[in-house]
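Colleague: First, the structure itself, so that you have it in front of you.
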Amino acid sequence: MDHHVSVTVDGTVYSGTVESRTLLVHWLREGIGKVGTVVGCDTSNCGACTVLLDGRSVKSCSVLAVQADGAAVTTIQGLATGDEWHPVQVAFKECHGLQCGYCTPGMVMATVDLLSENPNPTEEEIREGLEGNLCRCTGYHNIVKSVAHAASLMGGTK
Amino acid sequence: MTETLATTTAFGRPIKRKEDANLLHGRTNWTDNIQLPGTLHMALLRSPMAHAQISNVDVSGALAMPNVVAAYSAADLGDLNGGVPCVWPVTDDIVMPVFPALATDKVRHVGDCIAVVLATNAASAEDALASIDVDYAPLPAVVNMEQAINNPPAAVHDAAPNNTCYVYNLGGGFDEVAAKADVIVKRRFINQRLIPAFMEPRAVVAAPMGMSDEITLWSSTQVPHILRVLLALVTGIPENNLRVIAPDVGGGFGGKLTCTREEILVTQLARKLGRPVKWTETRSEDMVATHHGRDQIQDIELAATKDGKFLGLKVTLLADMGAYLQIITPGTPLLGMFMFPGIYKMDAYSFKCTGVFTNKTPTDAYRGAGRPEATYAIERIVDEMAAELGMEPMELRKKNWITHEEFPFTTVAGLTYDTGNYEAATAKALDLFGYDQLRAEQKRRRDAGDPIQLGIGISTFTEMCGLAPSRTLGALKYVAGGWEHCTIRLLPTGKCELITGTSPHGQGHETAWSQIASSILGIPVEDIEVVHGDTGRAPYGMDTYGSRSLAVGGQAIKVAADRLVEKARLIAAHQLECAPSDLEFREGVFYVKGDPSKSQALGAVAFEAFTAHNLPDGVEPTLQAESTVDPQDFSYPHGTHLAAMEVDTETGKVTLRKYVCVDDVGNQVNPMIVEGQVHGGLAQGIAQAMYEGAVYDEDGNLMTASLADYTLPSAADLPSFITDTTTTPSTTHPLGTKGVGEAGAIASTPAIMNGIVDAIRHLGVNDVLMPATPQTVWRTIQSAKGAR
């Protein structure tokens, strides 16, 4: 059965029909061409597909597209403001917090949410906070540094 | 070229990566992003059984499902059902069974492919798989390697009734030195099966390109050039009509160093149906269908005198091939064959490896490929020898390692290590670690009977990087060469294209290769575009694996850049009306010696070469140079890794408290990237010791078939690392670089396990199986207590 959905993604309203079973991540990628958000597993383990849904991070493989109807979604493609990078993006580059970059969209979006909740996390809080996002390249060392650096760039303000 | 490597050059600086801007904004081109009009999506029916006779494969039910365009069994495909190639027949009498893309009469591992469905969308293709009928007649599953060869429940392949793929011998003489030895320590180590688990699942798109005969294949691969050759051989499509593109690739670790059944099927079906075909694996498919790594039973004997001088090493391996041979399945354990003696001097080395077929996912290269297994064995057995002799394990190492004055040194395994300084790396590591203080704490805890015991793990390792030279590979029966190519083009607008045969998937080649070329040519890093991963744009290459990209590809960049300067020199001399030898080239500008007012920048030379209005006689227009380099030898990074491990003797819980490593990878192009490579390798090696393992039940079902069950570590499972380097430049590499991609993964596993064993050795423990989960450690402690 098809459903009509209308979702604001990265500031633009997208409307269309989706099957009941369509996952938000598949609609983002295949429905509206937002391929910056990626799929890394089919068991909700890896977090590569993390986006913000009404400001909070979700694994977009664990949300049905119909559940996002009427909501606002922010993806990695909508994080920067024009040419101005989000501080989390800046921090990941400065601290070499990415290698292949496949986990990066999810890792960055999860970090944005983590820092909105806890603007000055300890190393342990960063590690626990990103537990749902897997990376195979960096050993997490520089991701943790990136998050701490982003927190300082953001001045510890929510 | 030292004159061009001035202080202002990019070489050696921790420059932020060019790659990151796109990756951090989602401006990416993963294979799964590619959506061509008319695409058919492929789904594969995979075997739920490890070993079974199959018959009556009937796809008619699938064909009746919505949006399904085609469906095939192996019989339906006939000759299009190509065999997955293996390029390393390691012995003359190796058994090399056909590995059909779709199984013909038997399935041989869970995840083996039986039939294929093509539909206009991926979900419909997946849905239709349930409508395919197959009759399975189960056969006994061959799971345990020793049972497979000694008391086979079945033959995985009829051509190998006792499941032996090959037996390989090297060296000898152990028994003679053992007869003179005071002490022989013998251990059995299990180097368990691992899953590469790169974050981007494999994906392939193949498309016939309309008016030409070309088929373009996009694949999430490490090896587009090798894949092109192999696909041409397997499918019969002329190689010149195949273009293979590796777009953005999300990790590989050896897992994408191959030619897969899925790549063959996608290519063949696109050709047969005349329209684009696409396949993206699910993670659940990846866990059972992408090749696995490691999986050796290692019987190791080390003979020594009573004062601790090593006399000889005997290595007897059973190496699990899995159900079929892929690209270098049989050769993977042999990549470690030369490294078992590690950094130590001894008189004799006997090596024997038996490759064994089982009803499990095929094995092949995984980060380190053979060398982690070898390093694990030698570094573990050295600790066991130290315990046997009652010697401090670091002192025993010092007594036996090659000292820095002894390089170049030819080891008992026949390799000549060009350089190294184990003393320097070790001294630095001991200092950073606080070795003496931690030993003192260990003693305090032991004396006090603290339930949390402390252990110190040591790994003083070396490895071989950059599989080359080609004639050595030929002698080992490896079918390909070990060279690498680079072309550098200076465009008339002053920009530069650097075309490399390496194929990065996270390593930062775009940044690092620009730094090398910039330092020689004097062109800003940002004006150099590194072209890679496309056989149409970068026609020659041997791709990226085995820490070869810098070790081999870096040499090609240097030679091509030097050649480009020499051609430019002829043109500049003509323009400046002097002899070429009167010119000095400095930071991108030719100066007339003794008259610095007369000069010409390289960009201006490029424009002259483009217009060709005023070139010297005999000099061709355009400013480009190329090089294909076959290195003189391997390179040998080394390092000292130290781990402080806490073991709760009451619960078995293991905690990595501190990890220090000092690696010597020679000259570094970009220390930031080097450090990142080490971190990632450490995480994988530590994960082998503490978390990961592909576990099969007795029926051949993979019990760890999700990332959670496999326990791929998260940030919460690992600490930050203390890393540093020493610099002993390679003497066989013109840039003095070595290789770093695998160092962390090779060195760290034995450091962790030596630390765990050291923490509980006083309880009677002399080995712990990997991964050292609380349950495993607790049981090991209990059984040691029971034995006492």
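Naming scheme: A, B, ... for chains in displayed order of the structure tokens; residues 1 onward per chain; ligands 1 onward as shown.
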Got a sec to pull out which chain B residues are within 8 Å of chain A, counting only C-alpha atoms, and send them as a ChimeraX atom specification?
Modeller: /B:16-17,20-21,23-28,33,197-201,249-251,282-284,505-508,672-673,676-677,679-684,706-708,712-716,718-721
Colleague: Could you pull out the residues in region 450-563 of chain B that DSSP calls helix (DSSP H, G or I) from the backbone, as a PyMOL selection string?
Modeller: chain B and resi 470-475+509-521+525-527+549-563
Colleague: Could you name the residues that touch Pro238 (chain B) at 12 Å or less, counting only C-alpha atoms, but leaving out those on the same chain fewer than 4 positions away, as a list of chain:residue names?
Modeller: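 Near Pro238 (chain B), the qualifying residues are B:Asp213, B:Glu214, B:Ile215, B:Arg228, B:Val229, B:Leu230, B:Leu231, B:Ala232, B:Leu233, B:Val234, B:Leu242, B:Arg243.
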Colleague: One number please: CA of Thr727 (chain B) to CA of Asp663 (chain B), in Å, one decimal.
Modeller: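 Separation of CA of Thr727 (chain B) and CA of Asp663 (chain B): 8.4 Å.
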Colleague: If you take only C-alpha atoms and a cut-off of 9 Å, which residues of region 334-413 of chain B touch region 137-156 of chain B, and what are their nearest atom pairs and distances in Å to one decimal, in chain and number order, as a tab-separated table?
Modeller:
```
residue	atom	partner	partner_atom	distance
B:Val356	CA	B:Met145	CA	6.4
B:Phe357	CA	B:Val156	CA	6.3
B:Thr358	CA	B:Val142	CA	5.0
B:Asn359	CA	B:Val142	CA	5.2
B:Lys360	CA	B:Val143	CA	6.9
```
Colleague: What lies within 10 Å of Glu117 (chain A) using only C-alpha atoms, ignoring chain neighbours under 4 positions off, as a ChimeraX atom specification?
Modeller: /A:56,111-113,121,158
Colleague: Taking only C-alpha atoms into account, name the residue in B:Pro48, B:Pro771, B:Pro372, B:Gly666 that is nearest to Met690 (chain B).
Modeller: B:Pro771
Colleague: Could you jot down the CA of Arg108 (chain B) to CA of Gly700 (chain B) separation for me, Å, one decimal place?
Modeller: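 Pair CA of Arg108 (chain B) / CA of Gly700 (chain B) returns 9.6 Å.
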